[in-house]
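S.K.: What follows is model_7.cif, made up of mmCIF, C-alpha atoms:
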```
data_run
loop_
_atom_site.label_atom_id
_atom_site.label_comp_id
_atom_site.auth_asym_id
_atom_site.auth_seq_id
_atom_site.Cartn_x
_atom_site.Cartn_y
_atom_site.Cartn_z
CA MET A 407 -20.97 -4.31 4.30
CA ASP A 408 -19.00 -7.57 3.98
CA ASN A 409 -19.54 -7.70 0.20
CA LEU A 410 -18.50 -4.07 -0.12
CA VAL A 411 -15.38 -4.71 1.96
CA PHE A 412 -14.51 -7.69 -0.25
CA ILE A 413 -14.82 -5.56 -3.40
CA LEU A 414 -12.72 -2.80 -1.83
CA GLU A 415 -10.08 -5.34 -0.81
CA LEU A 416 -9.89 -6.60 -4.40
CA ILE A 417 -9.48 -3.04 -5.67
CA GLY A 418 -6.75 -2.42 -3.10
CA THR A 419 -5.10 -5.70 -4.05
CA ILE A 420 -5.00 -4.68 -7.71
CA ALA A 421 -3.63 -1.26 -6.81
CA PHE A 422 -0.85 -2.52 -4.55
CA SER A 423 0.10 -5.43 -6.80
CA LEU A 424 0.56 -2.94 -9.63
CA SER A 425 2.94 -0.95 -7.42
CA GLY A 426 4.92 -4.06 -6.49
CA THR A 427 5.03 -5.27 -10.08
CA LEU A 428 6.45 -2.01 -11.40
CA THR A 429 9.07 -1.98 -8.66
CA GLY A 430 10.09 -5.53 -9.53
CA ILE A 431 10.41 -4.66 -13.22
CA GLN A 432 12.48 -1.60 -12.43
CA LYS A 433 14.77 -3.81 -10.31
CA LYS A 434 15.14 -6.17 -13.31
CA MET A 435 13.55 -9.12 -11.50
CA ASP A 436 12.40 -12.09 -13.53
CA LEU A 437 8.74 -13.05 -13.91
CA LEU A 438 8.62 -15.08 -10.69
CA GLY A 439 10.28 -12.30 -8.73
CA VAL A 440 7.80 -9.77 -10.10
CA ILE A 441 4.84 -12.00 -9.18
CA ILE A 442 6.14 -12.53 -5.65
CA LEU A 443 6.85 -8.84 -5.13
CA GLY A 444 3.40 -7.94 -6.37
CA ALA A 445 1.77 -10.48 -4.04
CA VAL A 446 3.81 -9.38 -1.04
CA THR A 447 2.92 -5.73 -1.66
CA ALA A 448 -0.77 -6.57 -2.00
CA THR A 449 -1.11 -8.90 0.99
CA GLY A 450 1.81 -8.16 3.32
CA GLY A 451 0.05 -5.56 5.45
CA GLY A 452 -3.05 -7.69 5.92
CA ILE A 453 -1.00 -10.75 6.81
CA LEU A 454 0.96 -8.81 9.44
CA ARG A 455 -2.28 -7.36 10.84
CA ASP A 456 -3.89 -10.80 11.13
CA ILE A 457 -0.83 -12.19 12.91
CA LEU A 458 -0.93 -9.35 15.44
CA LEU A 459 -4.67 -9.90 15.95
CA GLY A 460 -4.15 -13.63 16.40
CA THR A 461 -6.23 -14.43 13.32
CA LEU A 462 -4.42 -17.52 12.10
CA PRO A 463 -3.89 -18.57 9.44
CA PRO A 464 -4.04 -15.08 7.91
CA LYS A 465 -6.98 -14.27 5.65
CA ALA A 466 -4.79 -14.09 2.55
CA PHE A 467 -3.81 -17.75 3.06
CA ILE A 468 -7.37 -18.94 3.58
CA ASN A 469 -8.87 -17.14 0.60
CA GLY A 470 -6.54 -17.53 -2.37
CA ILE A 471 -8.41 -14.95 -4.46
CA TYR A 472 -6.14 -12.14 -3.24
CA ILE A 473 -2.90 -13.80 -4.30
CA LEU A 474 -4.56 -15.01 -7.52
CA VAL A 475 -5.69 -11.49 -8.45
CA SER A 476 -2.29 -9.99 -7.63
CA SER A 477 -0.56 -12.68 -9.72
CA ILE A 478 -2.83 -12.00 -12.71
CA VAL A 479 -2.10 -8.28 -12.48
CA SER A 480 1.64 -8.91 -12.22
CA VAL A 481 1.72 -11.27 -15.20
CA ALA A 482 -0.41 -8.95 -17.34
CA VAL A 483 1.69 -5.86 -16.62
CA PHE A 484 4.97 -7.77 -16.95
CA PHE A 485 4.19 -9.12 -20.41
CA TYR A 486 2.64 -5.86 -21.58
CA ILE A 487 5.91 -4.10 -20.89
CA TYR A 488 8.02 -7.07 -22.02
CA PHE A 489 6.44 -7.27 -25.48
CA ARG A 490 5.51 -3.63 -26.04
CA ILE A 491 8.84 -1.83 -25.85
CA LYS A 492 12.36 -2.82 -24.87
CA GLY A 493 12.94 0.54 -23.22
CA TYR A 494 10.52 -0.31 -20.42
CA ARG A 495 11.89 2.35 -18.08
CA LYS A 496 10.47 5.04 -20.34
CA ILE A 497 7.06 3.35 -20.27
CA ILE A 498 7.11 3.02 -16.51
CA HIS A 499 7.93 6.65 -15.88
CA ALA A 500 5.87 8.16 -18.68
CA ASP A 501 2.78 5.94 -18.68
CA PHE A 502 2.66 3.85 -15.52
CA LEU A 503 4.17 6.07 -12.83
CA PRO A 504 1.19 8.45 -12.48
CA ILE A 505 -1.18 5.46 -12.56
CA SER A 506 0.95 3.63 -10.01
CA LEU A 507 1.01 6.59 -7.62
CA ILE A 508 -2.76 7.10 -7.76
CA ALA A 509 -3.40 3.36 -7.50
CA ASP A 510 -1.07 3.18 -4.52
CA ALA A 511 -2.92 6.07 -2.85
CA ILE A 512 -6.25 4.29 -3.41
CA GLY A 513 -4.84 1.04 -2.05
CA LEU A 514 -3.44 2.82 0.99
CA GLY A 515 -6.80 4.39 1.79
CA ILE A 516 -8.72 1.16 1.29
CA PHE A 517 -6.45 -1.06 3.35
CA THR A 518 -6.14 1.49 6.14
CA VAL A 519 -9.89 1.51 6.78
CA VAL A 520 -10.10 -2.26 6.21
CA GLY A 521 -7.49 -2.63 8.96
CA VAL A 522 -9.53 -0.45 11.30
CA LYS A 523 -12.62 -2.55 10.54
CA ALA A 524 -10.74 -5.76 11.29
CA VAL A 525 -9.91 -4.50 14.79
CA PHE A 526 -13.53 -3.55 15.49
CA ASP A 527 -14.73 -6.91 14.12
CA ALA A 528 -12.30 -8.71 16.43
CA ASP A 529 -13.55 -6.71 19.47
CA MET A 530 -10.00 -5.54 20.12
CA VAL A 531 -10.83 -1.84 20.49
CA LEU A 532 -9.43 -1.34 23.98
CA ASN A 533 -8.40 2.20 23.04
CA TYR A 534 -7.86 4.34 19.95
CA PHE A 535 -4.23 3.25 19.66
CA ILE A 536 -4.93 -0.34 18.57
CA PRO A 537 -7.20 0.34 15.55
CA VAL A 538 -5.03 3.27 14.45
CA LEU A 539 -1.86 1.18 14.71
CA LEU A 540 -3.24 -1.88 12.93
CA GLY A 541 -5.05 0.24 10.35
CA THR A 542 -1.76 1.94 9.54
CA ILE A 543 0.12 -1.36 9.47
CA THR A 544 -2.45 -2.83 7.09
CA GLY A 545 -2.06 0.17 4.81
CA VAL A 546 1.71 0.51 4.73
CA GLY A 547 2.97 -3.00 5.61
CA GLY A 548 2.98 -4.40 2.09
CA GLY A 549 4.91 -1.41 0.77
CA VAL A 550 7.53 -1.78 3.48
CA PHE A 551 8.01 -5.46 2.64
CA ARG A 552 8.19 -4.54 -1.07
CA ASP A 553 10.94 -1.99 -0.54
CA ILE A 554 12.96 -4.27 1.74
CA LEU A 555 12.82 -7.15 -0.75
CA ALA A 556 13.73 -4.74 -3.56
CA GLY A 557 16.76 -3.49 -1.62
CA ASP A 558 15.44 0.04 -1.10
CA LYS A 559 14.88 2.19 1.96
CA PRO A 560 11.18 1.87 2.81
CA TYR A 561 9.37 4.59 0.87
CA ILE A 562 7.30 5.59 3.91
CA PHE A 563 10.44 6.74 5.74
CA VAL A 564 12.00 8.92 3.06
CA ARG A 565 9.46 10.44 0.64
CA HIS A 566 6.13 12.17 0.60
CA ILE A 567 3.56 12.07 3.36
CA TYR A 568 2.64 8.40 3.31
CA ALA A 569 2.44 6.66 6.68
CA SER A 570 1.28 9.95 8.19
CA ALA A 571 -1.68 9.95 5.80
CA ALA A 572 -2.59 6.43 6.92
CA ILE A 573 -2.31 7.42 10.59
CA VAL A 574 -4.61 10.43 10.13
CA GLY A 575 -7.13 8.43 8.10
CA ALA A 576 -7.12 5.56 10.60
CA LEU A 577 -7.58 7.96 13.52
CA ILE A 578 -10.51 9.76 11.90
CA SER A 579 -12.12 6.46 10.93
CA THR A 580 -11.69 5.12 14.48
CA VAL A 581 -13.16 8.21 16.11
CA LEU A 582 -16.20 8.17 13.80
CA TRP A 583 -16.77 4.41 13.84
CA ILE A 584 -19.23 4.16 16.75
CA PRO A 585 -20.99 7.56 16.72
CA CYS A 586 -21.41 7.77 12.91
CA GLY A 587 -21.46 4.11 11.89
CA GLN A 588 -18.89 2.07 10.04
CA ASN A 589 -19.97 3.11 6.53
CA ILE A 590 -19.50 6.84 7.11
CA ALA A 591 -16.34 6.23 9.17
CA ALA A 592 -14.82 4.10 6.42
CA ILE A 593 -15.71 6.55 3.64
CA VAL A 594 -14.37 9.58 5.51
CA GLY A 595 -11.22 7.71 6.54
CA PHE A 596 -10.60 6.53 2.98
CA PHE A 597 -11.00 9.95 1.39
CA THR A 598 -8.85 11.52 4.10
CA VAL A 599 -5.96 9.25 3.19
CA LEU A 600 -6.56 9.66 -0.55
CA ILE A 601 -6.70 13.46 -0.44
CA ILE A 602 -3.59 13.77 1.74
CA ARG A 603 -1.65 11.48 -0.59
CA ILE A 604 -2.77 13.24 -3.78
CA VAL A 605 -1.90 16.65 -2.34
CA ALA A 606 1.50 15.36 -1.18
CA ILE A 607 2.21 13.89 -4.63
CA LYS A 608 1.05 16.96 -6.55
CA PHE A 609 3.02 19.44 -4.47
CA ASN A 610 5.90 17.07 -3.61
CA LEU A 611 5.31 17.51 0.11
CA ASN A 612 7.57 15.74 2.58
CA LEU A 613 7.94 15.68 6.32
CA PRO A 614 11.00 17.61 7.55
CA LYS A 615 14.25 15.70 7.85
CA VAL A 616 17.83 16.48 8.73
CA ASP A 617 19.98 17.01 5.65
CA LEU A 618 23.49 16.47 6.94
CA PRO A 619 26.43 18.16 5.21
CA GLU A 620 28.22 15.79 2.85
CA GLU A 621 31.31 15.50 5.04
CA ASN A 622 29.23 14.49 8.09
CA LYS A 623 27.25 11.78 6.38
CA THR A 624 28.09 8.24 7.33
CA ASN A 625 28.62 5.59 4.69
CA GLU A 626 25.49 3.60 4.00
#
```
Could you quickly redo this structure as structure tokens?
M.R.:
Amino acid sequence: MDNLVFILELIGTIAFSLSGTLTGIQKKMDLLGVIILGAVTATGGGILRDILLGTLPPKAFINGIYILVSSIVSVAVFFYIYFRIKGYRKIIHADFLPISLIADAIGLGIFTVVGVKAVFDADMVLNYFIPVLLGTITGVGGGVFRDILAGDKPYIFVRHIYASAAIVGALISTVLWIPCGQNIAAIVGFFTVLIIRIVAIKFNLNLPKVDLPEENKTNE
């Protein structure tokens, strides 16, 4: 299981670093900024989870493979866009956006169940709340850090069903973990998150929010 988890973490790292890289390019960051944003997106949730679990230093700092992989992805994507076409925004939206959204959904599902596993491995399952919370944080934390550093409202608060998908997947994975075993629990949790995200993307589904009349909106 440990080898499988490592492979899944690498896949999730690639997926999230791609998301962070594209955001950095869209924000006209330089190469270093793009690399940092990609790494933060890929590892931020796991780092926050480890800190809350008391696992210090965080796993991402002990094993440099995660930051190395995210940096390679960031550099490769950056220079592909840099040398291919000057009008990179067209490439991002036409070619990379669908890939980025699917990759992000895969990363979210992977890191959500990895977060749940980390809580069980640390014997911190005092109730369902802890693995669900830390599974969700692991899944969405990097994206929140990415959006804050990029100067945007965190994506999970404004568009699509994102954090909610992680919560549902983490809850299902937690409930199934002991009676069904960690393999089945992780697989079902992952596909739950992935399916919810894909459906939300395809049909542009969002949670309800208050749309204030223009005159009542406060200046942001």
S.K.: Mind giving me the straight-line distance from CA of Ile578 in chain A to CA of Ala524 in chain A in Å, one decimal?
M.R.: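 Separation between CA of Ile578 in chain A and CA of Ala524 in chain A: 15.5 Å.
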S.K.: What are the nearest atom pairs, with distances in Å to one decimal, for all residues of range 448-526 of chain A that come at most 9 Å from range 410-424 of chain A, using only C-alpha atoms, set out by chain and rising residue number as JSON lines?
M.R.:
```
{"residue": "A:Ala448", "atom": "CA", "partner": "A:Phe422", "partner_atom": "CA", "distance": 4.8}
{"residue": "A:Thr449", "atom": "CA", "partner": "A:Thr419", "partner_atom": "CA", "distance": 7.2}
{"residue": "A:Ile471", "atom": "CA", "partner": "A:Leu416", "partner_atom": "CA", "distance": 8.5}
{"residue": "A:Tyr472", "atom": "CA", "partner": "A:Thr419", "partner_atom": "CA", "distance": 6.6}
{"residue": "A:Ile473", "atom": "CA", "partner": "A:Thr419", "partner_atom": "CA", "distance": 8.4}
{"residue": "A:Val475", "atom": "CA", "partner": "A:Ile420", "partner_atom": "CA", "distance": 6.9}
{"residue": "A:Ser476", "atom": "CA", "partner": "A:Ser423", "partner_atom": "CA", "distance": 5.2}
{"residue": "A:Ser477", "atom": "CA", "partner": "A:Ser423", "partner_atom": "CA", "distance": 7.8}
{"residue": "A:Val479", "atom": "CA", "partner": "A:Leu424", "partner_atom": "CA", "distance": 6.6}
{"residue": "A:Ser480", "atom": "CA", "partner": "A:Leu424", "partner_atom": "CA", "distance": 6.6}
{"residue": "A:Val483", "atom": "CA", "partner": "A:Leu424", "partner_atom": "CA", "distance": 7.7}
{"residue": "A:Ser506", "atom": "CA", "partner": "A:Leu424", "partner_atom": "CA", "distance": 6.6}
{"residue": "A:Ile508", "atom": "CA", "partner": "A:Ala421", "partner_atom": "CA", "distance": 8.5}
{"residue": "A:Ala509", "atom": "CA", "partner": "A:Ala421", "partner_atom": "CA", "distance": 4.7}
{"residue": "A:Asp510", "atom": "CA", "partner": "A:Ala421", "partner_atom": "CA", "distance": 5.6}
{"residue": "A:Ala511", "atom": "CA", "partner": "A:Ala421", "partner_atom": "CA", "distance": 8.4}
{"residue": "A:Ile512", "atom": "CA", "partner": "A:Gly418", "partner_atom": "CA", "distance": 6.7}
{"residue": "A:Gly513", "atom": "CA", "partner": "A:Gly418", "partner_atom": "CA", "distance": 4.1}
{"residue": "A:Leu514", "atom": "CA", "partner": "A:Gly418", "partner_atom": "CA", "distance": 7.4}
{"residue": "A:Gly515", "atom": "CA", "partner": "A:Gly418", "partner_atom": "CA", "distance": 8.4}
{"residue": "A:Ile516", "atom": "CA", "partner": "A:Gly418", "partner_atom": "CA", "distance": 6.0}
{"residue": "A:Phe517", "atom": "CA", "partner": "A:Gly418", "partner_atom": "CA", "distance": 6.6}
{"residue": "A:Val520", "atom": "CA", "partner": "A:Val411", "partner_atom": "CA", "distance": 7.2}
```
S.K.: Can you write out the residues you just picked, keeping C-alpha atoms, as a PDB file, in the coordinates of the input?
M.R.:
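Output contents, as saved in out.pdb:
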```
ATOM      1  CA  ALA A 448      -0.770  -6.570  -2.000  1.00  0.00           C
ATOM      2  CA  THR A 449      -1.110  -8.900   0.990  1.00  0.00           C
ATOM      3  CA  ILE A 471      -8.410 -14.950  -4.460  1.00  0.00           C
ATOM      4  CA  TYR A 472      -6.140 -12.140  -3.240  1.00  0.00           C
ATOM      5  CA  ILE A 473      -2.900 -13.800  -4.300  1.00  0.00           C
ATOM      6  CA  VAL A 475      -5.690 -11.490  -8.450  1.00  0.00           C
ATOM      7  CA  SER A 476      -2.290  -9.990  -7.630  1.00  0.00           C
ATOM      8  CA  SER A 477      -0.560 -12.680  -9.720  1.00  0.00           C
ATOM      9  CA  VAL A 479      -2.100  -8.280 -12.480  1.00  0.00           C
ATOM     10  CA  SER A 480       1.640  -8.910 -12.220  1.00  0.00           C
ATOM     11  CA  VAL A 483       1.690  -5.860 -16.620  1.00  0.00           C
ATOM     12  CA  SER A 506       0.950   3.630 -10.010  1.00  0.00           C
ATOM     13  CA  ILE A 508      -2.760   7.100  -7.760  1.00  0.00           C
ATOM     14  CA  ALA A 509      -3.400   3.360  -7.500  1.00  0.00           C
ATOM     15  CA  ASP A 510      -1.070   3.180  -4.520  1.00  0.00           C
ATOM     16  CA  ALA A 511      -2.920   6.070  -2.850  1.00  0.00           C
ATOM     17  CA  ILE A 512      -6.250   4.290  -3.410  1.00  0.00           C
ATOM     18  CA  GLY A 513      -4.840   1.040  -2.050  1.00  0.00           C
ATOM     19  CA  LEU A 514      -3.440   2.820   0.990  1.00  0.00           C
ATOM     20  CA  GLY A 515      -6.800   4.390   1.790  1.00  0.00           C
ATOM     21  CA  ILE A 516      -8.720   1.160   1.290  1.00  0.00           C
ATOM     22  CA  PHE A 517      -6.450  -1.060   3.350  1.00  0.00           C
ATOM     23  CA  VAL A 520     -10.100  -2.260   6.210  1.00  0.00           C
TER      24      VAL A 520
END
```
S.K.: Counting all atoms listed in the file, give me one row per residue of range 425-473 of chain A with an atom at most 8 Å from an atom of range 537-555 of chain A, showing the shortest contact pair and its distance in Å to one decimal, sorted by chain then residue number, as CSV.
M.R.:
```
residue,atom,partner,partner_atom,distance
A:Gly426,CA,A:Arg552,CA,6.3
A:Leu443,CA,A:Arg552,CA,6.1
A:Gly444,CA,A:Arg552,CA,7.9
A:Val446,CA,A:Gly548,CA,5.9
A:Thr447,CA,A:Gly548,CA,4.0
A:Ala448,CA,A:Gly548,CA,6.0
A:Thr449,CA,A:Gly548,CA,6.2
A:Gly450,CA,A:Gly548,CA,4.1
A:Gly451,CA,A:Gly547,CA,3.9
A:Gly452,CA,A:Thr544,CA,5.0
A:Leu454,CA,A:Gly547,CA,7.2
A:Arg455,CA,A:Thr544,CA,5.9
```
S.K.: Ranking A:Ala482, A:Asp529, A:Ala571, A:Leu438 by minimum distance to Val605 in chain A and counting all atoms listed in the file, which one comes first?
M.R.: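 Under the stated criterion, the closest residue is A:Ala571.
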S.K.: Could you tell me how far CA of Val574 in chain A sits from CA of Gly595 in chain A, in Å to one decimal place?
M.R.: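 Result for CA of Gly595 in chain A versus CA of Val574 in chain A: 8.0 Å, one decimal.
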S.K.: By how many Å are CA of Val594 in chain A and CA of Ile457 in chain A apart?
M.R.: 26.7 Å
S.K.: Assuming the chain letters and numbering stay as they are in my file, what does the PyMOL selection byres ((chain A and resi 440) around 9) actually select? List them as a VMD selection string.
M.R.: chain A and resid 426 to 431 434 to 439 441 to 445 477 480 to 481 484
S.K.: Between A:Phe526, A:Phe563, A:Tyr568, A:Phe535, which is the closest to Ala591 in chain A once you count only C-alpha atoms?
M.R.: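 Result for the nearest residue to Ala591 in chain A: A:Phe526.
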S.K.: List as a list in words the protein and nucleic acid residues near Thr580 in chain A, meaning an atom at most 7 Å away when only C-alpha atoms are counted, but skip any in the same chain fewer than 3 places from it.
M.R.: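 The residues satisfying every condition are Val522, Tyr534, Pro537, Val538, Ala576, Leu577 and Trp583 of chain A.
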S.K.: Considering only C-alpha atoms, state which residue in the set A:Leu582, A:Val531, A:Val519, A:Gln432 is at the smallest distance from Leu600 in chain A.
M.R.: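 Using only C-alpha atoms, the shortest distance to Leu600 in chain A belongs to A:Val519.
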